[in-house]
$ cat target-v8.cif   # mmCIF, N, CA and C atoms
data_data
#
loop_
_atom_site.label_atom_id
_atom_site.label_comp_id
_atom_site.auth_asym_id
_atom_site.auth_seq_id
_atom_site.Cartn_x
_atom_site.Cartn_y
_atom_site.Cartn_z
N HIS A 248 -10.37 -2.79 -6.50
CA HIS A 248 -11.67 -3.17 -5.99
C HIS A 248 -12.57 -1.94 -6.01
N GLU A 249 -13.83 -2.17 -6.30
CA GLU A 249 -14.76 -1.04 -6.38
C GLU A 249 -14.87 -0.30 -5.05
N HIS A 250 -14.62 -0.99 -3.94
CA HIS A 250 -14.65 -0.30 -2.64
C HIS A 250 -13.63 0.84 -2.62
N ALA A 251 -12.50 0.67 -3.26
CA ALA A 251 -11.49 1.74 -3.31
C ALA A 251 -12.01 2.94 -4.07
N LEU A 252 -12.84 2.71 -5.08
CA LEU A 252 -13.41 3.82 -5.84
C LEU A 252 -14.44 4.60 -5.02
N GLN A 253 -15.03 3.94 -4.05
CA GLN A 253 -16.07 4.56 -3.23
C GLN A 253 -15.51 5.28 -2.01
N LEU A 254 -14.25 5.09 -1.71
CA LEU A 254 -13.63 5.74 -0.56
C LEU A 254 -13.39 7.21 -0.86
N GLN A 255 -14.03 8.09 -0.13
CA GLN A 255 -13.93 9.53 -0.37
C GLN A 255 -12.58 10.05 0.11
N VAL A 256 -11.82 10.61 -0.81
CA VAL A 256 -10.55 11.24 -0.50
C VAL A 256 -10.59 12.65 -1.09
N GLY A 257 -10.59 13.65 -0.26
CA GLY A 257 -10.72 15.02 -0.75
C GLY A 257 -12.15 15.34 -1.10
N ASN A 258 -12.31 16.38 -1.92
CA ASN A 258 -13.67 16.80 -2.30
C ASN A 258 -14.10 16.12 -3.60
N LYS A 259 -15.28 16.47 -4.07
CA LYS A 259 -15.83 15.85 -5.28
C LYS A 259 -14.92 16.05 -6.49
N GLN A 260 -14.33 17.23 -6.64
CA GLN A 260 -13.46 17.51 -7.78
C GLN A 260 -12.20 16.63 -7.74
N VAL A 261 -11.64 16.47 -6.56
CA VAL A 261 -10.46 15.60 -6.41
C VAL A 261 -10.81 14.18 -6.83
N MET A 262 -11.95 13.70 -6.38
CA MET A 262 -12.38 12.34 -6.73
C MET A 262 -12.59 12.19 -8.23
N GLU A 263 -13.28 13.16 -8.85
CA GLU A 263 -13.51 13.08 -10.29
C GLU A 263 -12.20 13.13 -11.06
N ASP A 264 -11.25 13.94 -10.61
CA ASP A 264 -9.93 13.99 -11.25
C ASP A 264 -9.21 12.64 -11.16
N GLN A 265 -9.32 12.00 -10.01
CA GLN A 265 -8.68 10.69 -9.84
C GLN A 265 -9.34 9.64 -10.74
N TYR A 266 -10.67 9.65 -10.80
CA TYR A 266 -11.38 8.72 -11.68
C TYR A 266 -10.99 8.95 -13.14
N ALA A 267 -10.93 10.20 -13.54
CA ALA A 267 -10.57 10.52 -14.93
C ALA A 267 -9.16 10.05 -15.23
N ARG A 268 -8.26 10.23 -14.28
CA ARG A 268 -6.88 9.78 -14.48
C ARG A 268 -6.84 8.27 -14.70
N LEU A 269 -7.60 7.53 -13.88
CA LEU A 269 -7.66 6.08 -14.06
C LEU A 269 -8.26 5.71 -15.42
N LEU A 270 -9.28 6.44 -15.82
CA LEU A 270 -9.97 6.12 -17.06
C LEU A 270 -9.13 6.42 -18.29
N PHE A 271 -8.45 7.55 -18.29
CA PHE A 271 -7.76 7.99 -19.51
C PHE A 271 -6.26 7.78 -19.51
N ASN A 272 -5.65 7.49 -18.36
CA ASN A 272 -4.19 7.38 -18.31
C ASN A 272 -3.70 6.00 -17.89
N THR A 273 -4.52 4.98 -18.03
CA THR A 273 -4.06 3.63 -17.75
C THR A 273 -4.28 2.77 -18.98
N HIS A 274 -3.36 1.87 -19.20
CA HIS A 274 -3.45 0.98 -20.36
C HIS A 274 -4.65 0.05 -20.22
N THR A 275 -4.72 -0.65 -19.09
CA THR A 275 -5.82 -1.57 -18.83
C THR A 275 -6.23 -1.44 -17.37
N ILE A 276 -7.50 -1.41 -17.14
CA ILE A 276 -8.01 -1.40 -15.77
C ILE A 276 -9.16 -2.41 -15.71
N ARG A 277 -9.16 -3.20 -14.65
CA ARG A 277 -10.24 -4.15 -14.40
C ARG A 277 -10.69 -3.98 -12.97
N ILE A 278 -11.97 -3.76 -12.80
CA ILE A 278 -12.54 -3.49 -11.49
C ILE A 278 -13.19 -4.76 -10.94
N VAL A 279 -12.90 -5.04 -9.68
CA VAL A 279 -13.59 -6.12 -8.98
C VAL A 279 -14.84 -5.48 -8.37
N PRO A 280 -16.04 -5.94 -8.78
CA PRO A 280 -17.28 -5.33 -8.28
C PRO A 280 -17.39 -5.43 -6.76
N ARG A 281 -18.09 -4.46 -6.19
CA ARG A 281 -18.22 -4.40 -4.72
C ARG A 281 -18.93 -5.61 -4.16
N ASP A 282 -19.79 -6.28 -4.94
CA ASP A 282 -20.52 -7.43 -4.42
C ASP A 282 -19.83 -8.76 -4.73
N ALA A 283 -18.62 -8.72 -5.27
CA ALA A 283 -17.89 -9.96 -5.57
C ALA A 283 -17.49 -10.65 -4.27
N PRO A 284 -17.71 -11.95 -4.19
CA PRO A 284 -17.38 -12.67 -2.96
C PRO A 284 -15.88 -12.99 -2.89
N ILE A 285 -15.11 -12.00 -2.52
CA ILE A 285 -13.66 -12.19 -2.46
C ILE A 285 -13.09 -11.37 -1.31
N ALA A 286 -12.18 -11.95 -0.59
CA ALA A 286 -11.55 -11.25 0.53
C ALA A 286 -10.48 -10.31 0.00
N ALA A 287 -10.50 -9.09 0.49
CA ALA A 287 -9.49 -8.13 0.08
C ALA A 287 -8.15 -8.52 0.68
N SER A 288 -7.12 -8.34 -0.11
CA SER A 288 -5.78 -8.66 0.35
C SER A 288 -4.79 -7.81 -0.42
N GLY A 289 -3.75 -7.38 0.23
CA GLY A 289 -2.78 -6.53 -0.42
C GLY A 289 -1.45 -7.23 -0.58
N PHE A 290 -1.18 -7.71 -1.78
CA PHE A 290 0.11 -8.32 -2.06
C PHE A 290 0.41 -8.24 -3.53
N VAL A 291 1.68 -8.49 -3.84
CA VAL A 291 2.17 -8.44 -5.22
C VAL A 291 2.89 -9.75 -5.50
N LEU A 292 2.69 -10.29 -6.68
CA LEU A 292 3.42 -11.47 -7.13
C LEU A 292 4.40 -11.03 -8.19
N TRP A 293 5.67 -11.20 -7.91
CA TRP A 293 6.71 -10.89 -8.89
C TRP A 293 7.21 -12.20 -9.48
N GLU A 294 7.23 -12.27 -10.80
CA GLU A 294 7.76 -13.44 -11.49
C GLU A 294 8.88 -12.99 -12.42
N PHE A 295 9.98 -13.75 -12.39
CA PHE A 295 11.19 -13.38 -13.12
C PHE A 295 11.59 -14.49 -14.07
N ASP A 296 12.39 -14.14 -15.08
CA ASP A 296 12.88 -15.14 -16.03
C ASP A 296 13.92 -16.06 -15.40
N LYS A 297 14.82 -15.50 -14.59
CA LYS A 297 15.96 -16.28 -14.10
C LYS A 297 15.97 -16.48 -12.58
N MET A 298 14.88 -16.15 -11.93
CA MET A 298 14.79 -16.33 -10.48
C MET A 298 13.44 -16.92 -10.13
N ARG A 299 13.35 -17.47 -8.93
CA ARG A 299 12.07 -18.00 -8.45
C ARG A 299 11.10 -16.85 -8.20
N PRO A 300 9.79 -17.11 -8.31
CA PRO A 300 8.80 -16.07 -8.03
C PRO A 300 8.88 -15.62 -6.57
N LEU A 301 8.33 -14.45 -6.32
CA LEU A 301 8.38 -13.85 -5.00
C LEU A 301 7.06 -13.14 -4.73
N VAL A 302 6.51 -13.34 -3.54
CA VAL A 302 5.31 -12.63 -3.12
C VAL A 302 5.71 -11.59 -2.09
N PHE A 303 5.18 -10.37 -2.26
CA PHE A 303 5.43 -9.30 -1.30
C PHE A 303 4.09 -8.89 -0.71
N SER A 304 4.06 -8.77 0.61
CA SER A 304 2.87 -8.32 1.32
C SER A 304 3.28 -7.25 2.33
N GLU A 305 2.46 -6.21 2.41
CA GLU A 305 2.74 -5.10 3.32
C GLU A 305 1.60 -4.97 4.31
N THR A 306 1.94 -4.87 5.58
CA THR A 306 0.94 -4.66 6.63
C THR A 306 1.36 -3.46 7.47
N ASN A 307 0.57 -3.14 8.48
CA ASN A 307 0.92 -2.05 9.40
C ASN A 307 2.20 -2.35 10.17
N LEU A 308 2.47 -3.63 10.37
CA LEU A 308 3.58 -4.02 11.23
C LEU A 308 4.80 -4.55 10.51
N ALA A 309 4.64 -5.02 9.28
CA ALA A 309 5.78 -5.66 8.62
C ALA A 309 5.64 -5.66 7.11
N ASN A 310 6.76 -5.72 6.44
CA ASN A 310 6.84 -5.99 5.01
C ASN A 310 7.37 -7.41 4.88
N VAL A 311 6.65 -8.25 4.16
CA VAL A 311 7.00 -9.66 4.10
C VAL A 311 7.29 -10.07 2.66
N PHE A 312 8.41 -10.72 2.46
CA PHE A 312 8.78 -11.31 1.18
C PHE A 312 8.74 -12.82 1.34
N VAL A 313 8.00 -13.50 0.44
CA VAL A 313 7.82 -14.95 0.57
C VAL A 313 8.23 -15.65 -0.71
N GLU A 314 9.05 -16.69 -0.56
CA GLU A 314 9.46 -17.51 -1.70
C GLU A 314 8.92 -18.93 -1.61
N ASP A 315 8.16 -19.23 -0.56
CA ASP A 315 7.63 -20.56 -0.34
C ASP A 315 6.76 -20.99 -1.53
N PRO A 316 7.01 -22.16 -2.11
CA PRO A 316 6.22 -22.62 -3.27
C PRO A 316 4.72 -22.71 -2.98
N GLY A 317 4.34 -23.09 -1.75
CA GLY A 317 2.92 -23.15 -1.40
C GLY A 317 2.27 -21.77 -1.41
N ALA A 318 2.98 -20.79 -0.88
CA ALA A 318 2.47 -19.41 -0.88
C ALA A 318 2.37 -18.87 -2.30
N ILE A 319 3.34 -19.20 -3.13
CA ILE A 319 3.31 -18.77 -4.54
C ILE A 319 2.09 -19.38 -5.23
N ALA A 320 1.85 -20.67 -4.99
CA ALA A 320 0.70 -21.35 -5.61
C ALA A 320 -0.61 -20.74 -5.14
N ARG A 321 -0.74 -20.45 -3.84
CA ARG A 321 -1.97 -19.83 -3.32
C ARG A 321 -2.17 -18.44 -3.90
N THR A 322 -1.08 -17.72 -4.07
CA THR A 322 -1.17 -16.38 -4.65
C THR A 322 -1.64 -16.45 -6.10
N ARG A 323 -1.10 -17.40 -6.85
CA ARG A 323 -1.56 -17.58 -8.24
C ARG A 323 -3.04 -17.93 -8.29
N LEU A 324 -3.49 -18.78 -7.39
CA LEU A 324 -4.92 -19.13 -7.33
C LEU A 324 -5.77 -17.91 -7.01
N PHE A 325 -5.28 -17.07 -6.10
CA PHE A 325 -6.01 -15.85 -5.76
C PHE A 325 -6.13 -14.93 -6.99
N PHE A 326 -5.04 -14.76 -7.72
CA PHE A 326 -5.09 -13.92 -8.92
C PHE A 326 -5.98 -14.54 -10.00
N ASP A 327 -5.99 -15.86 -10.11
CA ASP A 327 -6.92 -16.52 -11.03
C ASP A 327 -8.36 -16.22 -10.64
N ARG A 328 -8.64 -16.24 -9.34
CA ARG A 328 -9.99 -15.94 -8.85
C ARG A 328 -10.36 -14.48 -9.14
N LEU A 329 -9.41 -13.57 -8.95
CA LEU A 329 -9.66 -12.17 -9.30
C LEU A 329 -10.01 -12.04 -10.78
N ASP A 330 -9.28 -12.76 -11.61
CA ASP A 330 -9.55 -12.71 -13.06
C ASP A 330 -10.96 -13.18 -13.37
N GLU A 331 -11.45 -14.17 -12.62
CA GLU A 331 -12.80 -14.68 -12.83
C GLU A 331 -13.88 -13.68 -12.44
N VAL A 332 -13.69 -12.97 -11.34
CA VAL A 332 -14.76 -12.11 -10.81
C VAL A 332 -14.67 -10.66 -11.29
N ALA A 333 -13.52 -10.24 -11.77
CA ALA A 333 -13.35 -8.85 -12.20
C ALA A 333 -14.15 -8.59 -13.48
N LEU A 334 -14.60 -7.37 -13.62
CA LEU A 334 -15.25 -6.95 -14.86
C LEU A 334 -14.22 -6.97 -15.98
N SER A 335 -14.69 -7.11 -17.21
CA SER A 335 -13.78 -7.02 -18.35
C SER A 335 -13.22 -5.60 -18.42
N ALA A 336 -12.21 -5.40 -19.24
CA ALA A 336 -11.62 -4.05 -19.38
C ALA A 336 -12.68 -3.06 -19.86
N GLU A 337 -13.51 -3.47 -20.81
CA GLU A 337 -14.56 -2.58 -21.33
C GLU A 337 -15.61 -2.28 -20.27
N GLN A 338 -16.04 -3.31 -19.55
CA GLN A 338 -17.02 -3.11 -18.47
C GLN A 338 -16.44 -2.21 -17.38
N SER A 339 -15.17 -2.40 -17.08
CA SER A 339 -14.51 -1.60 -16.04
C SER A 339 -14.46 -0.14 -16.44
N ARG A 340 -14.15 0.13 -17.70
CA ARG A 340 -14.11 1.52 -18.17
C ARG A 340 -15.50 2.15 -18.09
N SER A 341 -16.53 1.39 -18.42
CA SER A 341 -17.90 1.90 -18.31
C SER A 341 -18.26 2.18 -16.86
N LYS A 342 -17.88 1.27 -15.98
CA LYS A 342 -18.16 1.46 -14.54
C LYS A 342 -17.43 2.70 -14.03
N LEU A 343 -16.19 2.87 -14.41
CA LEU A 343 -15.42 4.04 -13.98
C LEU A 343 -16.03 5.32 -14.53
N ALA A 344 -16.53 5.29 -15.75
CA ALA A 344 -17.18 6.47 -16.32
C ALA A 344 -18.41 6.86 -15.51
N GLU A 345 -19.10 5.89 -14.92
CA GLU A 345 -20.24 6.19 -14.06
C GLU A 345 -19.80 6.97 -12.82
N TYR A 346 -18.62 6.68 -12.32
CA TYR A 346 -18.12 7.41 -11.15
C TYR A 346 -17.73 8.84 -11.51
N ILE A 347 -17.26 9.04 -12.72
CA ILE A 347 -16.86 10.38 -13.15
C ILE A 347 -18.10 11.25 -13.35
N SER A 348 -19.09 10.69 -14.00
CA SER A 348 -20.27 11.47 -14.32
C SER A 348 -21.50 10.60 -14.15
N PRO A 349 -21.99 10.49 -12.91
CA PRO A 349 -23.17 9.65 -12.69
C PRO A 349 -24.38 10.19 -13.45
N PRO A 350 -25.29 9.31 -13.82
CA PRO A 350 -26.49 9.78 -14.51
C PRO A 350 -27.22 10.83 -13.68
N ARG A 351 -27.68 11.85 -14.34
CA ARG A 351 -28.43 12.91 -13.65
C ARG A 351 -29.90 12.72 -13.94
N GLU A 352 -30.72 12.98 -12.95
CA GLU A 352 -32.15 12.74 -13.07
C GLU A 352 -32.83 13.68 -14.05
N ASP A 353 -32.21 14.81 -14.38
CA ASP A 353 -32.87 15.76 -15.27
C ASP A 353 -32.70 15.41 -16.75
N PHE A 354 -31.91 14.36 -17.06
CA PHE A 354 -31.79 13.92 -18.44
C PHE A 354 -32.92 12.96 -18.77
N ASP A 355 -33.39 13.01 -20.00
CA ASP A 355 -34.45 12.08 -20.41
C ASP A 355 -33.95 10.69 -20.63
N ASP A 356 -32.72 10.54 -21.12
CA ASP A 356 -32.17 9.20 -21.38
C ASP A 356 -31.36 8.73 -20.18
N SER A 357 -31.24 7.42 -20.04
CA SER A 357 -30.49 6.86 -18.91
C SER A 357 -29.05 6.60 -19.31
N GLY A 358 -28.21 6.37 -18.31
CA GLY A 358 -26.82 6.05 -18.55
C GLY A 358 -25.91 7.23 -18.25
N PRO A 359 -24.62 6.95 -18.16
CA PRO A 359 -23.68 8.02 -17.83
C PRO A 359 -23.51 8.99 -18.99
N HIS A 360 -23.23 10.23 -18.64
CA HIS A 360 -23.01 11.26 -19.64
C HIS A 360 -21.63 11.82 -19.37
N LEU A 361 -20.70 11.52 -20.28
CA LEU A 361 -19.31 11.87 -20.10
C LEU A 361 -18.84 12.70 -21.28
N ALA A 362 -18.35 13.87 -21.01
CA ALA A 362 -17.82 14.73 -22.07
C ALA A 362 -16.35 14.38 -22.27
N TYR A 363 -15.93 14.25 -23.51
CA TYR A 363 -14.54 13.94 -23.81
C TYR A 363 -13.80 15.19 -24.20
#
$ encode --input "target-v8.cif" --output "structure tokens"
Amino acid sequence: HEHALQLQVGNKQVMEDQYARLLFNTHTIRIVPRDAPIAASGFVLWEFDKMRPLVFSETNLANVFVEDPGAIARTRLFFDRLDEVALSAEQSRSKLAEYISPPREDFDDSGPHLAY
């Protein structure tokens, strides 16, 4: 989620290093825009060839593993919704590049300026 990109951890250099790592060291990244109407939730859906699917959720108080078919179905619907609202891989990379090197006002042209 874009909110995670906006959370300041360390100084500016640490943040830029983390953004660069996401941009250049991940196969695919898709960002959910900050204005997307979706509730944040932290869980993982594991699907296996020879076993039933499993949802894992972690909170401050408990780690929960769920095999309930209704919970699995709701989790799949949630991931389908994320797929609908998330930026494409190309759009996400462009958005991440803006975080690494935001446009500077002293340039005549607009848009991010990223040195490779």
$ resolve_selection --input "target-v8.cif" --expression "the PyMOL selection byres ((chain A and resi 262-275) around 7)" --output "compact mmCIF listing (two decimals) with N, CA and C atoms, in the frame of the given file"
# COMPACT_ATOMS: atom_id res chain seq x y z
N VAL A 256 -11.82 10.61 -0.81
CA VAL A 256 -10.55 11.24 -0.50
C VAL A 256 -10.59 12.65 -1.09
N GLY A 257 -10.59 13.65 -0.26
CA GLY A 257 -10.72 15.02 -0.75
C GLY A 257 -12.15 15.34 -1.10
N ASN A 258 -12.31 16.38 -1.92
CA ASN A 258 -13.67 16.80 -2.30
C ASN A 258 -14.10 16.12 -3.60
N LYS A 259 -15.28 16.47 -4.07
CA LYS A 259 -15.83 15.85 -5.28
C LYS A 259 -14.92 16.05 -6.49
N GLN A 260 -14.33 17.23 -6.64
CA GLN A 260 -13.46 17.51 -7.78
C GLN A 260 -12.20 16.63 -7.74
N VAL A 261 -11.64 16.47 -6.56
CA VAL A 261 -10.46 15.60 -6.41
C VAL A 261 -10.81 14.18 -6.83
N ILE A 276 -7.50 -1.41 -17.14
CA ILE A 276 -8.01 -1.40 -15.77
C ILE A 276 -9.16 -2.41 -15.71
N ARG A 277 -9.16 -3.20 -14.65
CA ARG A 277 -10.24 -4.15 -14.40
C ARG A 277 -10.69 -3.98 -12.97
N ALA A 336 -12.21 -5.40 -19.24
CA ALA A 336 -11.62 -4.05 -19.38
C ALA A 336 -12.68 -3.06 -19.86
N ARG A 340 -14.15 0.13 -17.70
CA ARG A 340 -14.11 1.52 -18.17
C ARG A 340 -15.50 2.15 -18.09
N LEU A 343 -16.19 2.87 -14.41
CA LEU A 343 -15.42 4.04 -13.98
C LEU A 343 -16.03 5.32 -14.53
N ALA A 344 -16.53 5.29 -15.75
CA ALA A 344 -17.18 6.47 -16.32
C ALA A 344 -18.41 6.86 -15.51
N TYR A 346 -18.62 6.68 -12.32
CA TYR A 346 -18.12 7.41 -11.15
C TYR A 346 -17.73 8.84 -11.51
N ILE A 347 -17.26 9.04 -12.72
CA ILE A 347 -16.86 10.38 -13.15
C ILE A 347 -18.10 11.25 -13.35
$ closest_residue --input "target-v8.cif" --among "A:Ser304, A:Gln253, A:Asn310, A:Thr322" --to "Phe290 of chain A" --atoms "all atoms listed in the file"
A:Ser304
$ atom_distance --input "target-v8.cif" --atom1 "atom CA of Val302 of chain A" --atom2 "atom CA of Ala333 of chain A"
21.1 Å
$ residues_around --input "target-v8.cif" --residues "Phe312 of chain A" --least-positions-apart "6" --cutoff "12 Å" --atoms "only C-alpha atoms" --output "NGL selection string"
:A and (290-293 or 300-306 or 318-319)
$ closest_residue --input "target-v8.cif" --among "A:Glu337, A:Glu294, A:Leu308, A:Glu249" --to "Arg281 of chain A" --atoms "all atoms listed in the file"
A:Glu249
$ atom_distance --input "target-v8.cif" --atom1 "atom N of Ala251 of chain A" --atom2 "atom CA of Ser339 of chain A"
13.1 Å
$ select_by_dssp --input "target-v8.cif" --residues "segment 256-347 of chain A" --states "helix (DSSP H, G or I)" --output "PyMOL selection string"
chain A and resi 259-271+316-332+336-347
$ build_atoms --input "target-v8.cif" --residues "segment 293-305 of chain A" --atoms "N, CA, C and O atoms" --output "PDB file, in the frame of the given file"
ATOM      1  N   TRP A 293       5.670 -11.200  -7.910  1.00  0.00           N
ATOM      2  CA  TRP A 293       6.710 -10.890  -8.890  1.00  0.00           C
ATOM      3  C   TRP A 293       7.210 -12.200  -9.480  1.00  0.00           C
ATOM      4  O   TRP A 293       7.568 -13.122  -8.757  1.00  0.00           O
ATOM      5  N   GLU A 294       7.230 -12.270 -10.800  1.00  0.00           N
ATOM      6  CA  GLU A 294       7.760 -13.440 -11.490  1.00  0.00           C
ATOM      7  C   GLU A 294       8.880 -12.990 -12.420  1.00  0.00           C
ATOM      8  O   GLU A 294       8.745 -12.001 -13.129  1.00  0.00           O
ATOM      9  N   PHE A 295       9.980 -13.750 -12.390  1.00  0.00           N
ATOM     10  CA  PHE A 295      11.190 -13.380 -13.120  1.00  0.00           C
ATOM     11  C   PHE A 295      11.590 -14.490 -14.070  1.00  0.00           C
ATOM     12  O   PHE A 295      11.222 -15.646 -13.872  1.00  0.00           O
ATOM     13  N   ASP A 296      12.390 -14.140 -15.080  1.00  0.00           N
ATOM     14  CA  ASP A 296      12.880 -15.140 -16.030  1.00  0.00           C
ATOM     15  C   ASP A 296      13.920 -16.060 -15.400  1.00  0.00           C
ATOM     16  O   ASP A 296      13.928 -17.258 -15.643  1.00  0.00           O
ATOM     17  N   LYS A 297      14.820 -15.500 -14.590  1.00  0.00           N
ATOM     18  CA  LYS A 297      15.960 -16.280 -14.100  1.00  0.00           C
ATOM     19  C   LYS A 297      15.970 -16.480 -12.580  1.00  0.00           C
ATOM     20  O   LYS A 297      16.965 -16.926 -12.033  1.00  0.00           O
ATOM     21  N   MET A 298      14.880 -16.150 -11.930  1.00  0.00           N
ATOM     22  CA  MET A 298      14.790 -16.330 -10.480  1.00  0.00           C
ATOM     23  C   MET A 298      13.440 -16.920 -10.130  1.00  0.00           C
ATOM     24  O   MET A 298      12.494 -16.846 -10.922  1.00  0.00           O
ATOM     25  N   ARG A 299      13.350 -17.470  -8.930  1.00  0.00           N
ATOM     26  CA  ARG A 299      12.070 -18.000  -8.450  1.00  0.00           C
ATOM     27  C   ARG A 299      11.100 -16.850  -8.200  1.00  0.00           C
ATOM     28  O   ARG A 299      11.515 -15.732  -7.882  1.00  0.00           O
ATOM     29  N   PRO A 300       9.790 -17.110  -8.310  1.00  0.00           N
ATOM     30  CA  PRO A 300       8.800 -16.070  -8.030  1.00  0.00           C
ATOM     31  C   PRO A 300       8.880 -15.620  -6.570  1.00  0.00           C
ATOM     32  O   PRO A 300       9.395 -16.342  -5.709  1.00  0.00           O
ATOM     33  N   LEU A 301       8.330 -14.450  -6.320  1.00  0.00           N
ATOM     34  CA  LEU A 301       8.380 -13.850  -5.000  1.00  0.00           C
ATOM     35  C   LEU A 301       7.060 -13.140  -4.730  1.00  0.00           C
ATOM     36  O   LEU A 301       6.539 -12.438  -5.599  1.00  0.00           O
ATOM     37  N   VAL A 302       6.510 -13.340  -3.540  1.00  0.00           N
ATOM     38  CA  VAL A 302       5.310 -12.630  -3.120  1.00  0.00           C
ATOM     39  C   VAL A 302       5.710 -11.590  -2.090  1.00  0.00           C
ATOM     40  O   VAL A 302       6.490 -11.873  -1.184  1.00  0.00           O
ATOM     41  N   PHE A 303       5.180 -10.370  -2.260  1.00  0.00           N
ATOM     42  CA  PHE A 303       5.430  -9.300  -1.300  1.00  0.00           C
ATOM     43  C   PHE A 303       4.090  -8.890  -0.710  1.00  0.00           C
ATOM     44  O   PHE A 303       3.117  -8.678  -1.420  1.00  0.00           O
ATOM     45  N   SER A 304       4.060  -8.770   0.610  1.00  0.00           N
ATOM     46  CA  SER A 304       2.870  -8.320   1.320  1.00  0.00           C
ATOM     47  C   SER A 304       3.280  -7.250   2.330  1.00  0.00           C
ATOM     48  O   SER A 304       4.292  -7.390   3.008  1.00  0.00           O
ATOM     49  N   GLU A 305       2.460  -6.210   2.410  1.00  0.00           N
ATOM     50  CA  GLU A 305       2.740  -5.100   3.320  1.00  0.00           C
ATOM     51  C   GLU A 305       1.600  -4.970   4.310  1.00  0.00           C
ATOM     52  O   GLU A 305       0.428  -4.963   3.936  1.00  0.00           O
TER      53      GLU A 305
END
